[in-house]
>>> print(open('coords_9.cif').read())   # mmCIF, C-alpha atoms
data_final
loop_
_atom_site.label_atom_id
_atom_site.label_comp_id
_atom_site.auth_asym_id
_atom_site.auth_seq_id
_atom_site.Cartn_x
_atom_site.Cartn_y
_atom_site.Cartn_z
CA MET A 38 19.09 -15.06 23.63
CA THR A 39 18.39 -13.44 20.32
CA PHE A 40 18.77 -14.86 16.85
CA ALA A 41 20.25 -12.40 14.42
CA LEU A 42 19.59 -14.93 11.65
CA THR A 43 17.12 -13.75 9.07
CA ILE A 44 15.19 -16.46 7.29
CA GLY A 45 15.30 -15.77 3.57
CA PRO A 46 13.51 -17.67 0.83
CA GLY A 47 16.54 -19.93 0.44
CA TYR A 48 15.78 -21.64 3.73
CA TYR A 49 12.21 -22.36 2.71
CA LEU A 50 13.33 -23.63 -0.67
CA ALA A 51 15.88 -25.93 0.93
CA LEU A 52 13.21 -27.31 3.26
CA SER A 53 10.89 -27.70 0.29
CA ALA A 54 13.55 -29.60 -1.64
CA MET A 55 14.20 -31.92 1.29
CA LEU A 56 10.47 -32.59 1.71
CA PHE A 57 10.15 -33.31 -2.01
CA VAL A 58 13.09 -35.71 -1.91
CA ILE A 59 11.70 -37.60 1.07
CA GLY A 60 8.37 -37.90 -0.71
CA SER A 61 9.93 -39.18 -3.92
CA ILE A 62 12.04 -41.71 -2.02
CA GLY A 63 8.92 -42.98 -0.32
CA LEU A 64 7.17 -43.24 -3.65
CA LEU A 65 10.04 -45.34 -5.00
CA VAL A 66 10.56 -47.55 -1.97
CA ARG A 67 7.15 -48.31 -0.53
CA ARG A 68 4.77 -50.83 -2.10
CA ASN A 69 1.56 -50.00 -0.27
CA PRO A 70 -0.64 -47.86 -2.57
CA LEU A 71 -1.98 -45.82 0.36
CA ILE A 72 1.51 -44.92 1.54
CA MET A 73 2.43 -44.03 -2.02
CA PHE A 74 -0.51 -41.61 -2.13
CA MET A 75 0.69 -40.05 1.11
CA CYS A 76 4.13 -39.58 -0.41
CA ILE A 77 2.53 -37.80 -3.37
CA GLU A 78 0.84 -35.52 -0.84
CA LEU A 79 4.26 -34.80 0.67
CA MET A 80 5.63 -33.80 -2.72
CA LEU A 81 2.64 -31.56 -3.42
CA ASN A 82 3.13 -29.87 -0.07
CA ALA A 83 6.77 -29.25 -0.90
CA ALA A 84 5.62 -27.53 -4.08
CA ASN A 85 3.08 -25.50 -2.08
CA LEU A 86 5.77 -24.30 0.29
CA ALA A 87 7.92 -23.22 -2.64
CA PHE A 88 4.95 -21.40 -4.20
CA VAL A 89 4.20 -19.39 -1.07
CA SER A 90 7.86 -18.68 -0.47
CA PHE A 91 8.38 -17.35 -3.99
CA GLY A 92 5.13 -15.42 -3.79
CA LYS A 93 6.24 -13.64 -0.66
CA ASP A 94 9.65 -12.97 -2.12
CA MET A 95 8.18 -11.34 -5.20
CA GLY A 96 5.31 -9.60 -3.45
CA ASP A 97 2.79 -11.30 -5.73
CA LEU A 98 -0.36 -12.94 -4.49
CA GLY A 99 -0.26 -15.43 -7.37
CA GLY A 100 1.75 -17.90 -5.28
CA GLN A 101 -0.99 -18.21 -2.70
CA VAL A 102 -3.68 -18.49 -5.37
CA SER A 103 -1.69 -21.26 -7.04
CA VAL A 104 -1.52 -23.12 -3.74
CA LEU A 105 -5.31 -23.02 -3.57
CA PHE A 106 -5.52 -24.62 -7.00
CA VAL A 107 -2.94 -27.25 -6.07
CA LEU A 108 -5.00 -28.02 -2.98
CA VAL A 109 -8.12 -28.61 -5.04
CA VAL A 110 -6.27 -30.82 -7.52
CA ALA A 111 -4.74 -32.80 -4.67
CA ALA A 112 -8.15 -33.37 -3.13
CA ALA A 113 -9.60 -34.57 -6.45
CA GLU A 114 -6.61 -36.83 -7.03
CA VAL A 115 -6.88 -38.41 -3.60
CA VAL A 116 -10.61 -39.03 -4.03
CA ILE A 117 -10.21 -40.75 -7.40
CA GLY A 118 -7.08 -42.64 -6.38
CA LEU A 119 -8.60 -44.00 -3.20
CA ALA A 120 -11.74 -45.02 -5.07
CA ILE A 121 -9.56 -47.01 -7.49
CA VAL A 122 -7.66 -48.57 -4.59
CA VAL A 123 -10.91 -49.58 -2.92
CA ALA A 124 -12.25 -51.06 -6.17
CA VAL A 125 -9.07 -53.06 -6.76
CA MET A 126 -8.69 -54.24 -3.17
CA ARG A 127 -12.28 -55.44 -3.13
CA ARG A 128 -11.52 -57.87 -5.94
CA ARG A 129 -8.17 -59.12 -4.70
CA PRO A 130 -7.50 -58.30 -1.10
CA LYS A 131 -3.82 -59.22 -1.10
CA ALA A 132 -2.78 -57.14 -4.07
CA SER A 133 0.24 -54.86 -3.93
CA VAL A 134 0.90 -52.28 -6.61
CA ASP A 135 3.16 -54.62 -8.55
CA GLU A 136 0.40 -57.15 -9.06
CA VAL A 137 -2.16 -54.60 -10.15
CA SER A 138 -0.84 -54.34 -13.67
CA VAL A 139 -3.86 -55.86 -15.39
CA LEU A 140 -6.16 -52.83 -14.88
CA ARG A 141 -9.13 -55.15 -14.70
CA GLY A 142 -10.40 -54.23 -11.26
CA MET B 375 11.75 -15.10 16.38
CA GLU B 376 11.04 -16.06 12.81
CA ALA B 377 14.17 -18.19 12.82
CA VAL B 378 13.13 -20.08 15.95
CA THR B 379 9.69 -20.78 14.51
CA PHE B 380 11.19 -21.82 11.23
CA PHE B 381 13.57 -24.37 12.67
CA ILE B 382 11.03 -25.88 15.05
CA ALA B 383 8.44 -26.21 12.28
CA ALA B 384 11.07 -27.55 9.88
CA GLY B 385 11.94 -30.24 12.40
CA VAL B 386 8.30 -31.20 12.71
CA VAL B 387 7.88 -31.28 8.93
CA LEU B 388 10.94 -33.43 8.26
CA ALA B 389 10.29 -35.81 11.15
CA GLY B 390 6.72 -36.30 9.98
CA ALA B 391 7.83 -36.89 6.41
CA CYS B 392 10.35 -39.50 7.53
CA GLY B 393 7.59 -41.10 9.57
CA VAL B 394 5.37 -41.35 6.51
CA VAL B 395 8.09 -43.11 4.57
CA PHE B 396 9.56 -45.39 7.21
CA LEU B 397 6.71 -46.42 9.52
CA LYS B 398 5.32 -49.86 8.74
CA ASN B 399 1.77 -49.36 9.92
CA PRO B 400 -0.32 -47.24 7.50
CA VAL B 401 -2.28 -45.68 10.39
CA HIS B 402 0.93 -44.40 11.96
CA ALA B 403 2.04 -43.11 8.58
CA ALA B 404 -1.21 -41.16 8.22
CA LEU B 405 -0.72 -39.59 11.65
CA SER B 406 2.84 -38.62 10.68
CA LEU B 407 1.35 -37.01 7.59
CA VAL B 408 -0.84 -34.89 9.88
CA ALA B 409 2.29 -33.72 11.73
CA THR B 410 3.92 -32.74 8.44
CA LEU B 411 0.83 -30.81 7.31
CA PHE B 412 0.68 -28.93 10.60
CA GLY B 413 4.33 -27.98 10.19
CA ILE B 414 3.61 -26.69 6.70
CA ALA B 415 0.72 -24.66 8.11
CA ILE B 416 3.09 -23.08 10.62
CA HIS B 417 5.41 -22.19 7.78
CA PHE B 418 2.48 -20.59 5.95
CA ILE B 419 1.78 -18.40 8.99
CA ASN B 420 5.46 -17.55 9.08
CA LEU B 421 5.19 -16.49 5.45
CA GLU B 422 2.13 -14.33 6.20
CA ALA B 423 -0.25 -16.58 4.26
CA TYR B 424 -2.82 -16.82 7.04
CA PHE B 425 -5.76 -17.96 4.97
CA LEU B 426 -3.73 -20.77 3.42
CA ALA B 427 -2.65 -21.94 6.86
CA ALA B 428 -6.28 -22.31 7.91
CA VAL B 429 -7.21 -24.00 4.64
CA GLN B 430 -4.24 -26.32 4.96
CA ILE B 431 -5.39 -27.58 8.33
CA ILE B 432 -9.08 -27.75 7.43
CA VAL B 433 -8.73 -29.41 4.03
CA TYR B 434 -5.61 -31.52 4.44
CA ALA B 435 -5.66 -32.57 8.06
CA GLY B 436 -9.42 -32.45 8.34
CA ALA B 437 -10.52 -34.02 5.08
CA ILE B 438 -7.78 -35.73 3.11
CA VAL B 439 -6.07 -37.53 5.98
CA ILE B 440 -9.44 -38.59 7.36
CA LEU B 441 -10.22 -40.01 3.92
CA PHE B 442 -6.96 -41.95 4.06
CA LEU B 443 -7.83 -43.29 7.49
CA PHE B 444 -11.31 -44.29 6.30
CA VAL B 445 -9.84 -46.30 3.45
CA ILE B 446 -7.22 -47.89 5.70
CA MET B 447 -9.87 -48.98 8.17
CA LEU B 448 -12.26 -50.05 5.41
CA LEU B 449 -9.78 -52.27 3.64
CA GLY B 450 -8.04 -53.59 6.72
CA VAL B 451 -4.67 -53.28 5.06
CA ASP B 452 -2.96 -52.37 8.30
CA ARG B 453 -0.62 -55.31 7.99
CA ALA B 454 3.12 -55.09 7.87
CA GLU B 455 4.69 -54.83 4.47
CA ASN B 456 7.88 -56.41 3.23
CA ILE B 457 10.06 -53.51 2.18
CA ARG B 458 12.97 -55.78 1.28
CA THR B 459 11.56 -56.92 -2.06
CA GLU B 460 12.97 -55.02 -4.97
CA PRO B 461 10.82 -55.40 -8.09
CA ILE B 462 12.92 -53.05 -10.20
CA ILE B 463 16.59 -53.90 -10.12
CA GLY B 464 18.67 -51.20 -8.49
CA GLN B 465 15.73 -49.00 -7.59
CA ARG B 466 17.11 -48.27 -4.13
CA HIS B 467 20.37 -47.02 -5.58
CA LEU B 468 18.39 -44.87 -7.99
CA ALA B 469 16.49 -43.42 -5.04
CA LEU B 470 19.76 -42.60 -3.31
CA LEU B 471 21.01 -40.97 -6.51
CA ALA B 472 17.80 -38.93 -6.70
CA LEU B 473 18.35 -37.80 -3.10
CA VAL B 474 21.83 -36.52 -3.87
CA GLY B 475 20.71 -34.89 -7.10
CA PHE B 476 17.75 -33.09 -5.58
CA LEU B 477 19.84 -31.89 -2.64
CA VAL B 478 22.44 -30.45 -5.00
CA ILE B 479 19.77 -28.75 -7.10
CA GLY B 480 18.05 -27.42 -4.00
CA THR B 481 21.28 -25.99 -2.68
CA LEU B 482 21.98 -24.35 -6.01
CA ILE B 483 18.52 -22.80 -6.06
CA GLY B 484 18.98 -21.57 -2.52
CA ILE B 485 22.29 -19.97 -3.33
CA ALA B 486 20.95 -18.41 -6.50
CA THR B 487 17.93 -17.00 -4.69
CA ALA B 488 20.07 -15.56 -1.94
CA GLY B 489 21.91 -13.69 -4.67
CA GLU B 490 25.34 -14.29 -3.17
CA VAL B 491 27.01 -16.09 -6.02
CA THR B 492 25.00 -15.57 -9.13
CA GLY B 493 21.57 -14.58 -10.34
CA VAL B 494 19.52 -11.48 -9.84
CA PRO B 495 18.96 -10.35 -6.26
CA PRO B 496 15.34 -10.93 -5.30
CA GLN B 497 14.39 -7.31 -4.75
CA GLU B 498 15.63 -6.24 -8.17
CA ALA B 499 13.85 -9.14 -9.83
CA THR B 500 10.55 -8.12 -8.32
CA PHE B 501 8.04 -7.01 -10.88
CA LEU B 502 4.64 -5.52 -10.45
CA PRO B 503 1.85 -8.06 -10.62
CA SER B 504 0.44 -7.87 -14.10
CA GLU B 505 -3.09 -6.89 -14.88
CA GLY B 506 -5.68 -8.75 -12.89
CA GLY B 507 -3.28 -9.99 -10.23
CA LEU B 508 -2.81 -8.43 -6.87
CA ALA B 509 0.20 -7.58 -4.82
CA ILE B 510 0.58 -8.88 -1.30
CA GLU B 511 -0.35 -6.19 1.14
CA GLN B 512 2.30 -5.83 3.74
CA VAL B 513 1.62 -6.36 7.40
CA THR B 514 0.95 -2.95 8.82
CA GLU B 515 1.52 -2.15 12.43
CA LEU B 516 -0.71 0.53 13.85
CA GLY B 517 0.40 3.12 16.34
CA ASP B 518 -0.75 1.12 19.34
CA GLY B 519 1.09 -1.98 18.19
CA THR B 520 -1.86 -3.91 16.74
CA ILE B 521 -1.19 -5.76 13.53
CA VAL B 522 -3.72 -5.80 10.72
CA ALA B 523 -3.20 -8.43 8.07
CA PRO B 524 -5.36 -11.57 8.29
CA GLU B 525 -8.62 -10.20 6.92
CA GLU B 526 -6.78 -8.31 4.27
CA ASN B 527 -5.13 -11.55 3.17
CA ILE B 528 -8.48 -13.27 2.76
CA HIS B 529 -9.99 -10.30 0.93
CA ASP B 530 -7.08 -10.13 -1.45
CA ILE B 531 -7.14 -13.83 -2.24
CA GLY B 532 -10.87 -13.69 -2.89
CA ARG B 533 -10.60 -10.70 -5.17
CA SER B 534 -7.65 -12.25 -6.95
CA LEU B 535 -9.47 -15.55 -7.47
CA PHE B 536 -12.36 -13.83 -9.19
CA SER B 537 -10.22 -11.41 -11.16
CA THR B 538 -9.80 -11.80 -14.90
CA ARG B 539 -6.52 -13.58 -14.37
CA TYR B 540 -7.72 -16.60 -12.41
CA VAL B 541 -11.48 -16.84 -12.86
CA PHE B 542 -11.26 -19.32 -15.74
CA ALA B 543 -9.00 -21.59 -13.73
CA LEU B 544 -11.44 -21.30 -10.84
CA GLU B 545 -14.33 -22.47 -12.99
CA LEU B 546 -12.21 -25.33 -14.31
CA THR B 547 -11.53 -26.26 -10.70
CA ALA B 548 -15.25 -26.51 -10.06
CA LEU B 549 -15.59 -28.79 -13.10
CA LEU B 550 -12.68 -30.92 -11.85
CA LEU B 551 -14.28 -31.36 -8.45
CA THR B 552 -17.58 -32.38 -10.02
CA ILE B 553 -15.81 -34.94 -12.20
CA ALA B 554 -13.95 -36.27 -9.17
CA VAL B 555 -17.16 -36.74 -7.18
CA VAL B 556 -18.94 -38.51 -10.05
CA GLY B 557 -15.89 -40.66 -10.75
CA ALA B 558 -15.55 -41.71 -7.13
CA VAL B 559 -19.20 -42.71 -6.96
CA VAL B 560 -18.96 -44.70 -10.19
CA LEU B 561 -15.73 -46.42 -9.19
CA SER B 562 -16.79 -47.45 -5.72
CA ARG B 563 -20.31 -48.58 -6.68
CA ARG B 564 -20.76 -52.29 -6.20
CA PRO B 565 -21.82 -54.15 -9.34
CA LYS B 566 -25.19 -55.92 -9.24
CA ILE B 567 -23.64 -59.36 -9.69
CA GLU B 568 -20.84 -60.06 -7.27
CA PHE B 569 -17.73 -61.30 -9.00
CA GLU B 570 -15.62 -63.91 -7.35
CA SER B 571 -12.15 -62.72 -6.65
CA ILE B 572 -9.56 -63.78 -9.17
CA PRO B 573 -6.95 -66.23 -7.91
CA GLU B 574 -3.65 -64.51 -7.32
CA THR B 575 -1.45 -66.78 -9.39
CA GLU B 576 -1.53 -67.20 -13.14
CA VAL B 577 -4.08 -64.58 -13.97
CA SER B 578 -3.36 -64.80 -17.68
CA ALA B 579 -3.82 -68.58 -17.89
CA PHE B 580 -7.08 -68.35 -16.00
CA PHE B 581 -8.25 -65.63 -18.30
CA GLN B 582 -7.54 -67.63 -21.47
CA ILE B 583 -9.36 -70.74 -20.28
CA GLU B 584 -12.33 -68.67 -19.24
CA GLN B 585 -12.38 -66.91 -22.59
CA SER B 586 -12.49 -70.12 -24.63
CA ASP B 587 -15.22 -71.63 -22.44
CA GLN B 588 -17.23 -68.47 -22.56
CA SER B 589 -17.28 -68.12 -26.33
CA SER B 590 -18.54 -71.66 -26.93
CA VAL B 591 -21.24 -71.43 -24.30
CA VAL B 592 -22.44 -68.05 -25.52
CA VAL B 593 -23.00 -69.47 -28.99
CA GLU B 594 -25.03 -72.31 -27.55
CA GLU B 595 -27.16 -70.01 -25.47
CA VAL B 596 -27.87 -67.74 -28.37
CA CYS B 597 -28.95 -70.70 -30.49
CA GLU B 598 -31.31 -71.90 -27.80
CA ASP B 599 -32.77 -68.47 -27.40
CA GLU B 600 -33.40 -68.14 -31.09
CA ILE B 601 -35.19 -71.47 -31.16
CA ALA B 602 -37.32 -70.60 -28.18
CA GLY B 603 -38.02 -67.17 -29.60
CA HIS B 604 -36.75 -65.37 -26.50
CA GLU B 605 -34.74 -62.22 -26.31
CA PRO B 606 -31.06 -63.10 -26.84
CA VAL B 607 -28.86 -62.95 -23.77
CA THR B 608 -26.30 -60.19 -23.92
CA GLU B 609 -22.70 -61.20 -23.81
CA PRO B 610 -21.47 -59.53 -20.60
CA LYS B 611 -24.23 -61.06 -18.52
CA SER B 612 -23.47 -64.55 -19.74
CA GLY B 613 -19.79 -63.96 -19.13
CA SER B 614 -20.43 -63.04 -15.51
CA GLU B 615 -22.59 -66.08 -15.07
CA MET B 616 -19.72 -68.18 -16.31
CA MET B 617 -17.46 -66.62 -13.72
CA ASP B 618 -19.89 -67.51 -10.98
CA GLU B 619 -19.73 -71.13 -12.01
#
>>> encode(input="coords_9.cif", output="structure tokens")
Amino acid sequence: MTFALTIGPGYYLALSAMLFVIGSIGLLVRRNPLIMFMCIELMLNAANLAFVSFGKDMGDLGGQVSVLFVLVVAAAEVVIGLAIVVAVMRRRPKASVDEVSVLRG
Amino acid sequence: MEAVTFFIAAGVVLAGACGVVFLKNPVHAALSLVATLFGIAIHFINLEAYFLAAVQIIVYAGAIVILFLFVIMLLGVDRAENIRTEPIIGQRHLALLALVGFLVIGTLIGIATAGEVTGVPPQEATFLPSEGGLAIEQVTELGDGTIVAPEENIHDIGRSLFSTRYVFALELTALLLTIAVVGAVVLSRRPKIEFESIPETEVSAFFQIEQSDQSSVVVEEVCEDEIAGHEPVTEPKSGSEMMDE
């Protein structure tokens, strides 16, 4: 059984769009700050997939280099965000993101 | 073959993403996130970005998700969460609207990229990488059927990172990572004096009462210190002592 279907960049972009949408829905619906961070990771990965797909389509290595930078920024963001979550949760263990509007730790 | 790999990996990616959003337990959500990241890595291999596939697994699945799991275990927030509450009115309908909108836009982009309806066909839109950048070297198949690409991919990315085009961004990245490390240490450092946790209800009322008490007591303390000839007590320390009482 052979597939004559060739996978163009449109398929990857559609998958990337779906992944981004799922991530944004999670960001809107969930209230747990950790899950919201994971949804941000999903959206960043969707962007990464689009970067690499476009890069291959255009024959430019810049897409892959951009993904490296996005990776670094994502790591820094997760580190800082989780540190803030830990600092807030230590003060009030029951807090959800709606109650943490005081920014007082 | 590429199509089979694509659809299998796409299924893994989408199932994992749905798991992240819809699973109640944060630990399960983190494991679903690992599945999604593995699927993305498979897509990277499919797109001939071998180095990125390895980095994706090492950095994301190996470091970031482990960090998530550490925090989940540390805080003990693995309790179920009430998804039914809706703090912003109509936010679920807005999310549904966003779903439809993004799907429409994604479809339009896909059609435009495929060059069937409108837009420039991809091959004609291809331009040479400008100065400093590098082109992707194609996978070359030798006479005996061996394929040489992976090392070339790593070499090219390394040379491109340190070329004139990206080296400034690379140095900024180093600065960003340093700032992130210092910030994380500062944020998660425990203060010398342990604060009592604020009651959950009526934060503002509590804060006002505490403020008025604090100001009067601080004045008294300062007066006593001046009489006794001691060094005056600084305001934040006295405020924290008030909170302990």
>>> interface_residues(input="coords_9.cif", of="chain A", to="chain B", cutoff="6 Å", atoms="all atoms listed in the file", output="PyMOL selection string")
chain A and resi 44+47+51+54+58+62-63+95-98+113+117+120+124+128-129
>>> residues_around(input="coords_9.cif", residues="segment 86-90 of chain A", least_positions_apart="2", cutoff="6 Å", atoms="only C-alpha atoms", output="count of residues only")
8
>>> atom_distance(input="coords_9.cif", atom1="atom CA of Gly45 of chain A", atom2="atom CA of Leu81 of chain A")
21.4 Å
>>> atom_distance(input="coords_9.cif", atom1="atom CA of Ala112 of chain A", atom2="atom CA of Glu78 of chain A")
9.5 Å
>>> atom_distance(input="coords_9.cif", atom1="atom CA of Pro70 of chain A", atom2="atom CA of Val122 of chain A")
7.3 Å
>>> closest_residue(input="coords_9.cif", among="A:Leu71, A:Val102, A:Val66, A:Leu119", to="Ser537 of chain B", atoms="all atoms listed in the file")
A:Val102
>>> closest_residue(input="coords_9.cif", among="A:Thr43, A:Asn69, A:Glu114, A:Met80", to="Met126 of chain A", atoms="all atoms listed in the file")
A:Asn69
>>> closest_residue(input="coords_9.cif", among="A:Leu65, A:Val115, A:Leu52, A:Val110", to="Ile440 of chain B", atoms="all atoms listed in the file")
A:Val115
